[in-house]
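Student: work-v5.cif (mmCIF, C-alpha atoms; chains and numbers go by the auth columns) pasted underneath:
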```cif
data_protein
loop_
_atom_site.group_PDB
_atom_site.id
_atom_site.type_symbol
_atom_site.label_atom_id
_atom_site.label_comp_id
_atom_site.label_asym_id
_atom_site.label_seq_id
_atom_site.Cartn_x
_atom_site.Cartn_y
_atom_site.Cartn_z
_atom_site.B_iso_or_equiv
_atom_site.auth_seq_id
_atom_site.auth_asym_id
ATOM 1 C CA MET A 1 76.842 84.157 113.832 0.00 1 A
ATOM 2 C CA ASP A 2 74.492 82.350 111.453 0.00 2 A
ATOM 3 C CA LEU A 3 75.230 83.618 107.941 0.00 3 A
ATOM 4 C CA ASN A 4 71.977 82.128 106.577 0.00 4 A
ATOM 5 C CA LEU A 5 73.713 80.433 103.656 0.00 5 A
ATOM 6 C CA VAL A 6 71.847 77.131 103.920 0.00 6 A
ATOM 7 C CA GLY A 7 69.991 76.629 100.662 0.00 7 A
ATOM 8 C CA LYS A 8 72.267 78.980 98.707 0.00 8 A
ATOM 9 C CA ARG A 9 74.429 77.774 95.809 0.00 9 A
ATOM 10 C CA ALA A 10 77.864 79.364 95.351 0.00 10 A
ATOM 11 C CA LEU A 11 80.321 79.188 92.474 0.00 11 A
ATOM 12 C CA VAL A 12 83.877 80.048 93.495 0.00 12 A
ATOM 13 C CA THR A 13 86.091 80.400 90.437 0.00 13 A
ATOM 14 C CA GLY A 14 89.667 79.221 90.720 0.00 14 A
ATOM 15 C CA SER A 15 88.876 77.175 93.819 0.00 15 A
ATOM 16 C CA SER A 16 90.960 74.065 93.136 0.00 16 A
ATOM 17 C CA SER A 17 93.763 75.466 95.318 0.00 17 A
ATOM 18 C CA GLY A 18 94.942 78.434 97.356 0.00 18 A
ATOM 19 C CA LEU A 19 92.652 81.236 98.384 0.00 19 A
ATOM 20 C CA GLY A 20 89.737 80.011 96.278 0.00 20 A
ATOM 21 C CA GLU A 21 89.902 76.630 97.979 0.00 21 A
ATOM 22 C CA ALA A 22 89.721 78.299 101.392 0.00 22 A
ATOM 23 C CA VAL A 23 86.709 80.356 100.295 0.00 23 A
ATOM 24 C CA ALA A 24 84.893 77.323 98.913 0.00 24 A
ATOM 25 C CA LYS A 25 85.484 75.328 102.095 0.00 25 A
ATOM 26 C CA MET A 26 84.301 78.134 104.368 0.00 26 A
ATOM 27 C CA LEU A 27 81.121 78.749 102.368 0.00 27 A
ATOM 28 C CA ALA A 28 80.419 75.024 102.461 0.00 28 A
ATOM 29 C CA ALA A 29 81.006 74.955 106.222 0.00 29 A
ATOM 30 C CA GLU A 30 78.416 77.742 106.520 0.00 30 A
ATOM 31 C CA GLY A 31 75.862 75.596 104.708 0.00 31 A
ATOM 32 C CA ALA A 32 76.107 76.715 101.078 0.00 32 A
ATOM 33 C CA ALA A 33 76.136 74.174 98.265 0.00 33 A
ATOM 34 C CA VAL A 34 79.476 74.964 96.640 0.00 34 A
ATOM 35 C CA VAL A 35 80.570 74.559 93.038 0.00 35 A
ATOM 36 C CA VAL A 36 84.330 74.065 92.959 0.00 36 A
ATOM 37 C CA HIS A 37 85.878 75.372 89.750 0.00 37 A
ATOM 38 C CA GLY A 38 89.240 74.653 88.201 0.00 38 A
ATOM 39 C CA ARG A 39 91.005 73.597 85.039 0.00 39 A
ATOM 40 C CA ASP A 40 92.678 70.480 86.453 0.00 40 A
ATOM 41 C CA LYS A 41 90.189 67.684 87.101 0.00 41 A
ATOM 42 C CA ASP A 42 92.162 65.906 89.823 0.00 42 A
ATOM 43 C CA ARG A 43 92.838 69.038 91.874 0.00 43 A
ATOM 44 C CA THR A 44 89.246 70.235 91.509 0.00 44 A
ATOM 45 C CA GLU A 45 87.802 66.873 92.514 0.00 45 A
ATOM 46 C CA ARG A 46 90.151 66.728 95.512 0.00 46 A
ATOM 47 C CA VAL A 47 88.714 69.938 96.953 0.00 47 A
ATOM 48 C CA ALA A 48 85.137 68.793 96.329 0.00 48 A
ATOM 49 C CA ASP A 49 85.862 65.431 97.936 0.00 49 A
ATOM 50 C CA GLU A 50 87.323 67.117 101.023 0.00 50 A
ATOM 51 C CA ILE A 51 84.251 69.355 101.342 0.00 51 A
ATOM 52 C CA ARG A 52 81.932 66.360 101.131 0.00 52 A
ATOM 53 C CA ALA A 53 84.060 64.395 103.619 0.00 53 A
ATOM 54 C CA ALA A 54 83.636 67.275 106.078 0.00 54 A
ATOM 55 C CA GLY A 55 79.853 67.078 105.720 0.00 55 A
ATOM 56 C CA GLY A 56 79.403 69.814 103.122 0.00 56 A
ATOM 57 C CA SER A 57 77.809 69.860 99.685 0.00 57 A
ATOM 58 C CA ALA A 58 80.034 70.243 96.624 0.00 58 A
ATOM 59 C CA THR A 59 79.985 69.677 92.893 0.00 59 A
ATOM 60 C CA THR A 60 82.589 70.605 90.302 0.00 60 A
ATOM 61 C CA ALA A 61 82.809 72.662 87.109 0.00 61 A
ATOM 62 C CA LEU A 62 85.827 72.405 84.826 0.00 62 A
ATOM 63 C CA GLY A 63 86.936 74.926 82.223 0.00 63 A
ATOM 64 C CA ASP A 64 89.207 77.773 81.206 0.00 64 A
ATOM 65 C CA LEU A 65 87.347 81.022 81.810 0.00 65 A
ATOM 66 C CA ALA A 66 89.598 82.862 79.359 0.00 66 A
ATOM 67 C CA HIS A 67 87.550 81.309 76.532 0.00 67 A
ATOM 68 C CA ASP A 68 83.914 82.157 75.864 0.00 68 A
ATOM 69 C CA GLY A 69 82.847 78.589 75.153 0.00 69 A
ATOM 70 C CA GLU A 70 84.451 77.053 78.226 0.00 70 A
ATOM 71 C CA ALA A 71 83.172 79.871 80.437 0.00 71 A
ATOM 72 C CA GLY A 72 79.672 79.066 79.229 0.00 72 A
ATOM 73 C CA ASP A 73 80.234 75.388 79.994 0.00 73 A
ATOM 74 C CA VAL A 74 81.321 76.296 83.553 0.00 74 A
ATOM 75 C CA ALA A 75 78.225 78.455 84.072 0.00 75 A
ATOM 76 C CA ARG A 76 75.929 75.683 82.851 0.00 76 A
ATOM 77 C CA ALA A 77 77.663 73.078 85.013 0.00 77 A
ATOM 78 C CA ALA A 78 77.397 75.373 88.031 0.00 78 A
ATOM 79 C CA ALA A 79 73.634 75.755 87.545 0.00 79 A
ATOM 80 C CA GLU A 80 72.980 72.106 86.715 0.00 80 A
ATOM 81 C CA HIS A 81 71.653 71.272 90.192 0.00 81 A
ATOM 82 C CA GLY A 82 70.028 74.608 90.931 0.00 82 A
ATOM 83 C CA PRO A 83 70.377 78.334 90.338 0.00 83 A
ATOM 84 C CA VAL A 84 73.600 80.032 91.408 0.00 84 A
ATOM 85 C CA ASP A 85 72.971 82.595 94.150 0.00 85 A
ATOM 86 C CA ILE A 86 76.581 83.551 94.872 0.00 86 A
ATOM 87 C CA LEU A 87 79.422 84.208 92.447 0.00 87 A
ATOM 88 C CA VAL A 88 82.918 84.642 93.842 0.00 88 A
ATOM 89 C CA ASN A 89 85.211 85.845 91.059 0.00 89 A
ATOM 90 C CA ASN A 90 88.530 84.627 92.409 0.00 90 A
ATOM 91 C CA ALA A 91 90.284 83.074 89.408 0.00 91 A
ATOM 92 C CA GLY A 92 93.351 84.996 88.321 0.00 92 A
ATOM 93 C CA PHE A 93 96.899 84.732 87.070 0.00 93 A
ATOM 94 C CA TYR A 94 100.103 86.716 86.889 0.00 94 A
ATOM 95 C CA ARG A 95 103.773 86.293 86.215 0.00 95 A
ATOM 96 C CA HIS A 96 106.532 88.192 88.022 0.00 96 A
ATOM 97 C CA LEU A 97 107.727 90.436 85.215 0.00 97 A
ATOM 98 C CA GLY A 98 109.235 93.885 85.079 0.00 98 A
ATOM 99 C CA TRP A 99 108.241 96.630 82.684 0.00 99 A
ATOM 100 C CA SER A 100 110.825 95.522 80.135 0.00 100 A
ATOM 101 C CA GLU A 101 109.634 91.883 80.179 0.00 101 A
ATOM 102 C CA ALA A 102 105.872 92.521 80.233 0.00 102 A
ATOM 103 C CA THR A 103 105.100 92.718 76.531 0.00 103 A
ATOM 104 C CA PRO A 104 101.833 94.073 75.133 0.00 104 A
ATOM 105 C CA GLU A 105 100.824 90.468 74.461 0.00 105 A
ATOM 106 C CA GLU A 106 101.416 89.645 78.132 0.00 106 A
ATOM 107 C CA TRP A 107 99.260 92.620 79.148 0.00 107 A
ATOM 108 C CA LEU A 108 96.431 91.457 76.891 0.00 108 A
ATOM 109 C CA SER A 109 96.600 87.863 78.104 0.00 109 A
ATOM 110 C CA THR A 110 96.657 88.898 81.769 0.00 110 A
ATOM 111 C CA TYR A 111 93.717 91.262 81.243 0.00 111 A
ATOM 112 C CA ASP A 112 91.666 88.555 79.544 0.00 112 A
ATOM 113 C CA ILE A 113 92.322 86.032 82.308 0.00 113 A
ATOM 114 C CA ASN A 114 91.968 88.399 85.264 0.00 114 A
ATOM 115 C CA VAL A 115 89.254 90.779 84.096 0.00 115 A
ATOM 116 C CA VAL A 116 87.273 89.519 81.107 0.00 116 A
ATOM 117 C CA SER A 117 86.925 86.029 82.593 0.00 117 A
ATOM 118 C CA GLY A 118 85.039 87.574 85.518 0.00 118 A
ATOM 119 C CA VAL A 119 82.886 89.581 83.139 0.00 119 A
ATOM 120 C CA ARG A 120 81.982 86.374 81.314 0.00 120 A
ATOM 121 C CA MET A 121 80.744 84.780 84.527 0.00 121 A
ATOM 122 C CA ILE A 122 78.844 87.903 85.533 0.00 122 A
ATOM 123 C CA ARG A 123 77.042 87.972 82.192 0.00 123 A
ATOM 124 C CA HIS A 124 76.042 84.319 82.536 0.00 124 A
ATOM 125 C CA LEU A 125 75.032 84.213 86.199 0.00 125 A
ATOM 126 C CA VAL A 126 73.933 87.656 87.380 0.00 126 A
ATOM 127 C CA PRO A 127 70.840 88.159 85.158 0.00 127 A
ATOM 128 C CA PRO A 128 69.076 85.164 86.799 0.00 128 A
ATOM 129 C CA MET A 129 70.005 86.544 90.237 0.00 129 A
ATOM 130 C CA ARG A 130 68.388 89.832 89.264 0.00 130 A
ATOM 131 C CA GLU A 131 65.227 88.008 88.166 0.00 131 A
ATOM 132 C CA ARG A 132 65.031 86.156 91.508 0.00 132 A
ATOM 133 C CA GLY A 133 65.669 89.340 93.505 0.00 133 A
ATOM 134 C CA TRP A 134 68.635 88.044 95.498 0.00 134 A
ATOM 135 C CA GLY A 135 72.303 87.453 94.791 0.00 135 A
ATOM 136 C CA ARG A 136 75.880 88.132 95.782 0.00 136 A
ATOM 137 C CA VAL A 137 78.877 88.885 93.603 0.00 137 A
ATOM 138 C CA VAL A 138 82.215 89.099 95.392 0.00 138 A
ATOM 139 C CA THR A 139 85.315 89.980 93.419 0.00 139 A
ATOM 140 C CA ILE A 140 88.733 89.208 94.856 0.00 140 A
ATOM 141 C CA GLY A 141 90.911 92.258 94.310 0.00 141 A
ATOM 142 C CA GLY A 142 94.069 93.371 96.059 0.00 142 A
ATOM 143 C CA GLY A 143 96.000 96.254 97.519 0.00 143 A
ATOM 144 C CA LEU A 144 98.098 96.566 94.374 0.00 144 A
ATOM 145 C CA ALA A 145 95.006 98.049 92.720 0.00 145 A
ATOM 146 C CA SER A 146 95.527 101.284 94.650 0.00 146 A
ATOM 147 C CA GLN A 147 99.139 100.964 95.746 0.00 147 A
ATOM 148 C CA PRO A 148 100.935 99.350 92.781 0.00 148 A
ATOM 149 C CA MET A 149 104.496 98.110 92.814 0.00 149 A
ATOM 150 C CA ASP A 150 107.084 98.745 90.137 0.00 150 A
ATOM 151 C CA THR A 151 107.055 95.036 89.223 0.00 151 A
ATOM 152 C CA HIS A 152 104.393 92.995 87.357 0.00 152 A
ATOM 153 C CA PRO A 153 102.630 96.165 86.146 0.00 153 A
ATOM 154 C CA GLN A 154 100.287 94.126 83.953 0.00 154 A
ATOM 155 C CA TYR A 155 98.910 92.458 87.092 0.00 155 A
ATOM 156 C CA ASN A 156 98.627 95.680 89.107 0.00 156 A
ATOM 157 C CA ALA A 157 96.508 97.185 86.355 0.00 157 A
ATOM 158 C CA THR A 158 94.137 94.222 86.178 0.00 158 A
ATOM 159 C CA LEU A 159 93.502 94.428 89.915 0.00 159 A
ATOM 160 C CA ALA A 160 92.491 98.063 89.501 0.00 160 A
ATOM 161 C CA ALA A 161 90.112 96.998 86.729 0.00 161 A
ATOM 162 C CA ARG A 162 88.589 94.295 88.931 0.00 162 A
ATOM 163 C CA HIS A 163 87.879 96.826 91.672 0.00 163 A
ATOM 164 C CA ASN A 164 86.388 99.248 89.170 0.00 164 A
ATOM 165 C CA LEU A 165 84.098 96.771 87.447 0.00 165 A
ATOM 166 C CA ALA A 166 82.778 95.490 90.779 0.00 166 A
ATOM 167 C CA VAL A 167 81.702 98.984 91.834 0.00 167 A
ATOM 168 C CA SER A 168 80.204 99.703 88.410 0.00 168 A
ATOM 169 C CA LEU A 169 78.233 96.454 88.684 0.00 169 A
ATOM 170 C CA ALA A 170 76.916 97.505 92.096 0.00 170 A
ATOM 171 C CA ARG A 171 75.525 100.689 90.546 0.00 171 A
ATOM 172 C CA GLU A 172 73.948 98.668 87.738 0.00 172 A
ATOM 173 C CA LEU A 173 72.263 96.355 90.273 0.00 173 A
ATOM 174 C CA LYS A 174 70.634 99.162 92.246 0.00 174 A
ATOM 175 C CA GLY A 175 67.329 98.065 93.758 0.00 175 A
ATOM 176 C CA THR A 176 67.559 94.462 92.559 0.00 176 A
ATOM 177 C CA GLY A 177 68.503 92.693 95.796 0.00 177 A
ATOM 178 C CA VAL A 178 71.837 91.692 94.262 0.00 178 A
ATOM 179 C CA THR A 179 75.027 93.185 95.688 0.00 179 A
ATOM 180 C CA SER A 180 78.541 93.491 94.282 0.00 180 A
ATOM 181 C CA ASN A 181 81.570 94.013 96.489 0.00 181 A
ATOM 182 C CA VAL A 182 85.338 93.573 96.578 0.00 182 A
ATOM 183 C CA VAL A 183 87.477 91.748 99.100 0.00 183 A
ATOM 184 C CA SER A 184 90.984 93.153 98.875 0.00 184 A
ATOM 185 C CA PRO A 185 93.591 90.884 100.465 0.00 185 A
ATOM 186 C CA GLY A 186 97.130 91.765 101.308 0.00 186 A
ATOM 187 C CA ALA A 187 99.852 89.173 100.800 0.00 187 A
ATOM 188 C CA VAL A 188 98.310 85.820 101.654 0.00 188 A
ATOM 189 C CA LEU A 189 100.476 82.850 102.526 0.00 189 A
ATOM 190 C CA VAL A 190 99.319 80.276 100.014 0.00 190 A
ATOM 191 C CA ASP A 191 101.688 77.569 98.758 0.00 191 A
ATOM 192 C CA SER A 192 102.718 79.493 95.648 0.00 192 A
ATOM 193 C CA VAL A 193 103.721 82.538 97.722 0.00 193 A
ATOM 194 C CA LYS A 194 105.756 80.415 100.122 0.00 194 A
ATOM 195 C CA ASP A 195 107.515 78.733 97.194 0.00 195 A
ATOM 196 C CA LEU A 196 108.313 82.103 95.617 0.00 196 A
ATOM 197 C CA LEU A 197 109.727 83.568 98.817 0.00 197 A
ATOM 198 C CA THR A 198 111.819 80.502 99.508 0.00 198 A
ATOM 199 C CA GLY A 199 113.213 80.673 96.000 0.00 199 A
ATOM 200 C CA ILE A 200 114.284 84.321 96.099 0.00 200 A
ATOM 201 C CA ALA A 201 115.400 84.385 99.753 0.00 201 A
ATOM 202 C CA PRO A 202 119.054 83.388 99.214 0.00 202 A
ATOM 203 C CA ALA A 203 119.712 86.214 96.759 0.00 203 A
ATOM 204 C CA ARG A 204 118.109 88.738 99.100 0.00 204 A
ATOM 205 C CA GLY A 205 119.769 87.572 102.292 0.00 205 A
ATOM 206 C CA TRP A 206 116.537 86.722 104.063 0.00 206 A
ATOM 207 C CA GLY A 207 117.941 83.685 105.862 0.00 207 A
ATOM 208 C CA GLU A 208 117.702 79.936 105.517 0.00 208 A
ATOM 209 C CA THR A 209 114.884 78.803 107.817 0.00 209 A
ATOM 210 C CA TRP A 210 111.262 79.577 106.976 0.00 210 A
ATOM 211 C CA GLU A 211 110.915 81.594 110.192 0.00 211 A
ATOM 212 C CA GLU A 212 113.757 83.873 109.080 0.00 212 A
ATOM 213 C CA ILE A 213 112.494 84.107 105.518 0.00 213 A
ATOM 214 C CA GLU A 214 108.960 84.980 106.582 0.00 214 A
ATOM 215 C CA ARG A 215 110.032 87.656 109.067 0.00 215 A
ATOM 216 C CA ASN A 216 112.492 89.319 106.682 0.00 216 A
ATOM 217 C CA SER A 217 110.294 89.106 103.593 0.00 217 A
ATOM 218 C CA VAL A 218 107.379 90.736 105.436 0.00 218 A
ATOM 219 C CA GLU A 219 109.631 93.571 106.530 0.00 219 A
ATOM 220 C CA ALA A 220 111.070 94.012 103.036 0.00 220 A
ATOM 221 C CA LEU A 221 107.968 93.568 100.899 0.00 221 A
ATOM 222 C CA ILE A 222 104.758 94.083 102.877 0.00 222 A
ATOM 223 C CA PRO A 223 105.328 95.949 106.134 0.00 223 A
ATOM 224 C CA ASN A 224 102.000 95.936 107.940 0.00 224 A
ATOM 225 C CA ASP A 225 100.507 96.473 111.372 0.00 225 A
ATOM 226 C CA GLN A 226 100.208 92.737 112.054 0.00 226 A
ATOM 227 C CA GLU A 227 103.800 92.034 110.936 0.00 227 A
ATOM 228 C CA ARG A 228 102.890 88.834 109.099 0.00 228 A
ATOM 229 C CA PHE A 229 101.273 87.365 106.031 0.00 229 A
ATOM 230 C CA GLY A 230 97.553 86.819 105.940 0.00 230 A
ATOM 231 C CA GLU A 231 96.019 83.365 106.156 0.00 231 A
ATOM 232 C CA PRO A 232 93.585 82.137 103.491 0.00 232 A
ATOM 233 C CA ARG A 233 90.865 81.528 106.105 0.00 233 A
ATOM 234 C CA GLU A 234 90.970 85.205 107.114 0.00 234 A
ATOM 235 C CA ILE A 235 90.161 86.337 103.583 0.00 235 A
ATOM 236 C CA ALA A 236 87.573 83.571 103.241 0.00 236 A
ATOM 237 C CA ALA A 237 85.793 84.854 106.354 0.00 237 A
ATOM 238 C CA ALA A 238 85.420 88.304 104.788 0.00 238 A
ATOM 239 C CA VAL A 239 83.984 86.753 101.625 0.00 239 A
ATOM 240 C CA ALA A 240 81.532 84.677 103.658 0.00 240 A
ATOM 241 C CA TYR A 241 80.283 87.776 105.460 0.00 241 A
ATOM 242 C CA LEU A 242 79.666 89.640 102.197 0.00 242 A
ATOM 243 C CA CYS A 243 77.754 86.623 100.884 0.00 243 A
ATOM 244 C CA SER A 244 75.479 86.550 103.919 0.00 244 A
ATOM 245 C CA GLU A 245 72.131 88.090 104.729 0.00 245 A
ATOM 246 C CA HIS A 246 73.933 90.352 107.203 0.00 246 A
ATOM 247 C CA ALA A 247 75.634 92.209 104.332 0.00 247 A
ATOM 248 C CA GLN A 248 72.508 93.196 102.384 0.00 248 A
ATOM 249 C CA TYR A 249 73.242 96.884 103.028 0.00 249 A
ATOM 250 C CA VAL A 250 76.832 96.571 101.762 0.00 250 A
ATOM 251 C CA SER A 251 77.261 97.141 98.040 0.00 251 A
ATOM 252 C CA GLY A 252 79.943 98.761 95.939 0.00 252 A
ATOM 253 C CA ALA A 253 82.339 98.461 98.874 0.00 253 A
ATOM 254 C CA THR A 254 85.945 97.331 99.173 0.00 254 A
ATOM 255 C CA LEU A 255 86.671 95.321 102.294 0.00 255 A
ATOM 256 C CA ARG A 256 90.421 95.354 102.911 0.00 256 A
ATOM 257 C CA VAL A 257 91.855 92.321 104.684 0.00 257 A
ATOM 258 C CA ASP A 258 95.534 93.184 104.551 0.00 258 A
ATOM 259 C CA GLY A 259 96.841 93.671 108.080 0.00 259 A
ATOM 260 C CA GLY A 260 97.224 97.376 107.396 0.00 260 A
ATOM 261 C CA VAL A 261 99.443 97.225 104.291 0.00 261 A
ATOM 262 C CA ILE A 262 97.439 100.015 102.663 0.00 262 A
ATOM 263 C CA ARG A 263 98.084 103.144 104.695 0.00 263 A
ATOM 264 C CA SER A 264 95.249 105.316 103.387 0.00 264 A
ATOM 265 C CA ALA A 265 92.168 105.974 105.494 0.00 265 A
ATOM 266 C CA PHE A 266 89.953 105.784 102.383 0.00 266 A
#
```
If you took the structure in this file and wrote it as C-alpha cells, what would it be?

Tutor:
Amino acid sequence: MDLNLVGKRALVTGSSSGLGEAVAKMLAAEGAAVVVHGRDKDRTERVADEIRAAGGSATTALGDLAHDGEAGDVARAAAEHGPVDILVNNAGFYRHLGWSEATPEEWLSTYDINVVSGVRMIRHLVPPMRERGWGRVVTIGGGLASQPMDTHPQYNATLAARHNLAVSLARELKGTGVTSNVVSPGAVLVDSVKDLLTGIAPARGWGETWEEIERNSVEALIPNDQERFGEPREIAAAVAYLCSEHAQYVSGATLRVDGGVIRSAF
C-alpha cells in the first residue's frame, strides 16, 4: 500500500532510540523526510545516518523538550528545510517507583516531560499545518492510560493525559484537514525493557535464559492474546498508517497495538 508520504516532512520526538527510532525509520522508508530528535548528539546522528544510508532523507534536531526555549529550538530546526507536516509526539520518560517513592516533585517532573513537552510542540507546529490545510499529529500513549498498574502511578497518569489531550486536539482541529490520533502500544520489546526484565528476573524466578525470562515475564506482567511482547516495527506501522492519506477520516481515535492486553471492547 502506498501511504503517499513522499514530499511530507515528519518530526518524531524522542527518536534517537527505541520506539521513536523505529517510527522514524519506517516513515523514512515510506518516503517522508524525517527529522530525528534527541538530546544526545551522537545517538541522534546515528539514527539519521542509518536512515540516509538506507536511501531515506533525514535531518536532526537536538534539545530537551521539557524547557520552553529548547523546545522552540527543536521546532525551528525541524522546519529549517521545509514545513513540518507530521508531528509524532513520542518522547517520554518514567522511573519505576511505587506510591511511597513517587514524590509530588516526581509527579510534576514526569508530567512536564510526558505531557507539557508534547503541548509545546503542538503549539509550535500545528498552527502552520492548520494554515496549509493538511497535517497529522500522532501521540504515543499506552494501555496504562486506561488500565493502570499499582506501580509508577505518576507515569500511568501522564499516559491518560496524553490520550485526553490528543482527543481534545482532534475536536479543536475540526474541518481543518489536520487530524490528531493516539497509538496505544502494549509492552514493546525495546532495549530498555529487555534490560529491566533481565535485571529483575532472578528475584522473581523467571529463569536464566532470555527465552525463559520472556515467556515468564509475559505471563506474569502482560498476559495477552499473542503471548509475547510487541516489536517496535509493529507500533511504527500503526503510526505510519495514521500519518497517511488513507487515514484522513480517522481523527480523535485510539489505535491499540497491544496484542490484546486491554480486555475492553471499547

Student: Find the spatial neighbours of Ala220 in chain A, counting all atoms listed in the file, within a cut-off of 10 Å - ignore same-chain residues fewer than 5 positions away - and output them as a list in words.

Tutor: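 Within the cut-off, the hits are Arg204, Trp206, Glu214 and Arg215 of chain A.
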
Student: Would you translate the PyMOL selection byres ((chain A and resi 164) around 12) into the concrete set of residues it matches in this file, as a PyMOL selection string?

Tutor: chain A and resi 115+119+139-142+145-146+157-163+165-171+180-182+252-254

Student: Excluding Asn156 in chain A and residues on its chain fewer than 5 positions from it, collect all residues at most 8 Å away from it, counting all atoms listed in the file, and give them as a ChimeraX atom specification.

Tutor: /A:144-145,148-149

Student: Given only C-alpha atoms as the basis, pick out the residue of A:Thr198, A:Ala71, A:Ser244, A:Gly98 nearest to Trp134 in chain A.

Tutor: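 Of A:Thr198, A:Ala71, A:Ser244, A:Gly98, the one nearest Trp134 in chain A, counting only C-alpha atoms, is A:Ser244.
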
Student: The PyMOL selection byres ((chain A and resi 14) around 6) - which residues does that actually catch in the file I just gave you? List them as a ChimeraX atom specification.

Tutor: /A:13,15-16,20,37-38,90-91

Student: With the PyMOL selection byres ((chain A and resi 78) around 9) as the selection, what would be picked from this file? Answer as a PyMOL selection string, please.

Tutor: chain A and resi 9-11+34-37+59-61+73-77+79-84

Student: A:Ile262, A:Asn216, A:Val239, A:Pro153: which is nearest Glu101 in chain A, counting all atoms listed in the file?

Tutor: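 Closest to Glu101 in chain A of all the choices is A:Pro153.
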
Student: Which residues come within 9 Å of Tyr155 in chain A, counting all atoms listed in the file, excluding same-chain residues fewer than 6 positions away, as number ranges by chain?

Tutor: A: 93-96, 107, 110-111, 114, 144-145

Student: So, with only C-alpha atoms as the atoms that count, which of A:Cys243, A:Val183, A:Val193, A:Val47 lies closest to Ser217 in chain A?

Tutor: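 Nearest candidate to Ser217 in chain A out of A:Cys243, A:Val183, A:Val193, A:Val47: A:Val193.
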
Student: Have a look at A:Gly199, A:Ser192, A:Gly230, A:His152 and name the one nearest to Trp99 in chain A; count all atoms listed in the file.

Tutor: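 Of the candidates, the smallest distance to Trp99 in chain A is held by A:His152.
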
Student: Could I see range 45-50 of chain A restored to all heavy atoms, set down as a PDB file, keeping the file's coordinate frame?

Tutor:
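Here's the written file rebuild10.pdb:
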```pdb
ATOM      1  N   GLU A  45      88.532  67.949  91.842  1.00  0.00           N
ATOM      2  CA  GLU A  45      87.802  66.873  92.514  1.00  0.00           C
ATOM      3  C   GLU A  45      88.310  66.672  93.942  1.00  0.00           C
ATOM      4  O   GLU A  45      87.526  66.350  94.841  1.00  0.00           O
ATOM      5  CB  GLU A  45      87.934  65.565  91.725  1.00  0.00           C
ATOM      6  CG  GLU A  45      87.183  65.548  90.408  1.00  0.00           C
ATOM      7  CD  GLU A  45      85.669  65.447  90.586  1.00  0.00           C
ATOM      8  OE1 GLU A  45      85.213  65.308  91.740  1.00  0.00           O
ATOM      9  OE2 GLU A  45      84.953  65.519  89.579  1.00  0.00           O
ATOM     10  N   ARG A  46      89.611  66.873  94.158  1.00  0.00           N
ATOM     11  CA  ARG A  46      90.151  66.728  95.512  1.00  0.00           C
ATOM     12  C   ARG A  46      89.469  67.685  96.478  1.00  0.00           C
ATOM     13  O   ARG A  46      89.061  67.293  97.589  1.00  0.00           O
ATOM     14  CB  ARG A  46      91.662  66.970  95.521  1.00  0.00           C
ATOM     15  CG  ARG A  46      92.256  66.961  96.931  1.00  0.00           C
ATOM     16  CD  ARG A  46      93.684  67.467  96.955  1.00  0.00           C
ATOM     17  NE  ARG A  46      93.808  68.848  96.525  1.00  0.00           N
ATOM     18  CZ  ARG A  46      93.550  69.904  97.294  1.00  0.00           C
ATOM     19  NH1 ARG A  46      93.111  69.739  98.539  1.00  0.00           N
ATOM     20  NH2 ARG A  46      93.698  71.129  96.825  1.00  0.00           N
ATOM     21  N   VAL A  47      89.343  68.948  96.080  1.00  0.00           N
ATOM     22  CA  VAL A  47      88.714  69.938  96.953  1.00  0.00           C
ATOM     23  C   VAL A  47      87.255  69.575  97.210  1.00  0.00           C
ATOM     24  O   VAL A  47      86.772  69.630  98.351  1.00  0.00           O
ATOM     25  CB  VAL A  47      88.824  71.348  96.348  1.00  0.00           C
ATOM     26  CG1 VAL A  47      88.069  72.367  97.199  1.00  0.00           C
ATOM     27  CG2 VAL A  47      90.292  71.764  96.217  1.00  0.00           C
ATOM     28  N   ALA A  48      86.544  69.179  96.159  1.00  0.00           N
ATOM     29  CA  ALA A  48      85.137  68.793  96.329  1.00  0.00           C
ATOM     30  C   ALA A  48      85.003  67.584  97.238  1.00  0.00           C
ATOM     31  O   ALA A  48      84.106  67.527  98.102  1.00  0.00           O
ATOM     32  CB  ALA A  48      84.509  68.516  94.967  1.00  0.00           C
ATOM     33  N   ASP A  49      85.893  66.620  97.081  1.00  0.00           N
ATOM     34  CA  ASP A  49      85.862  65.431  97.936  1.00  0.00           C
ATOM     35  C   ASP A  49      86.093  65.809  99.402  1.00  0.00           C
ATOM     36  O   ASP A  49      85.440  65.263 100.307  1.00  0.00           O
ATOM     37  CB  ASP A  49      86.928  64.426  97.494  1.00  0.00           C
ATOM     38  CG  ASP A  49      86.567  63.715  96.194  1.00  0.00           C
ATOM     39  OD1 ASP A  49      85.388  63.755  95.801  1.00  0.00           O
ATOM     40  OD2 ASP A  49      87.480  63.131  95.574  1.00  0.00           O
ATOM     41  N   GLU A  50      87.027  66.717  99.647  1.00  0.00           N
ATOM     42  CA  GLU A  50      87.323  67.117 101.023  1.00  0.00           C
ATOM     43  C   GLU A  50      86.141  67.870 101.646  1.00  0.00           C
ATOM     44  O   GLU A  50      85.860  67.718 102.838  1.00  0.00           O
ATOM     45  CB  GLU A  50      88.587  67.968 101.054  1.00  0.00           C
ATOM     46  CG  GLU A  50      89.846  67.167 100.748  1.00  0.00           C
ATOM     47  CD  GLU A  50      91.105  68.014 100.715  1.00  0.00           C
ATOM     48  OE1 GLU A  50      91.016  69.243 100.936  1.00  0.00           O
ATOM     49  OE2 GLU A  50      92.188  67.453 100.455  1.00  0.00           O
TER      50      GLU A  50
END
```
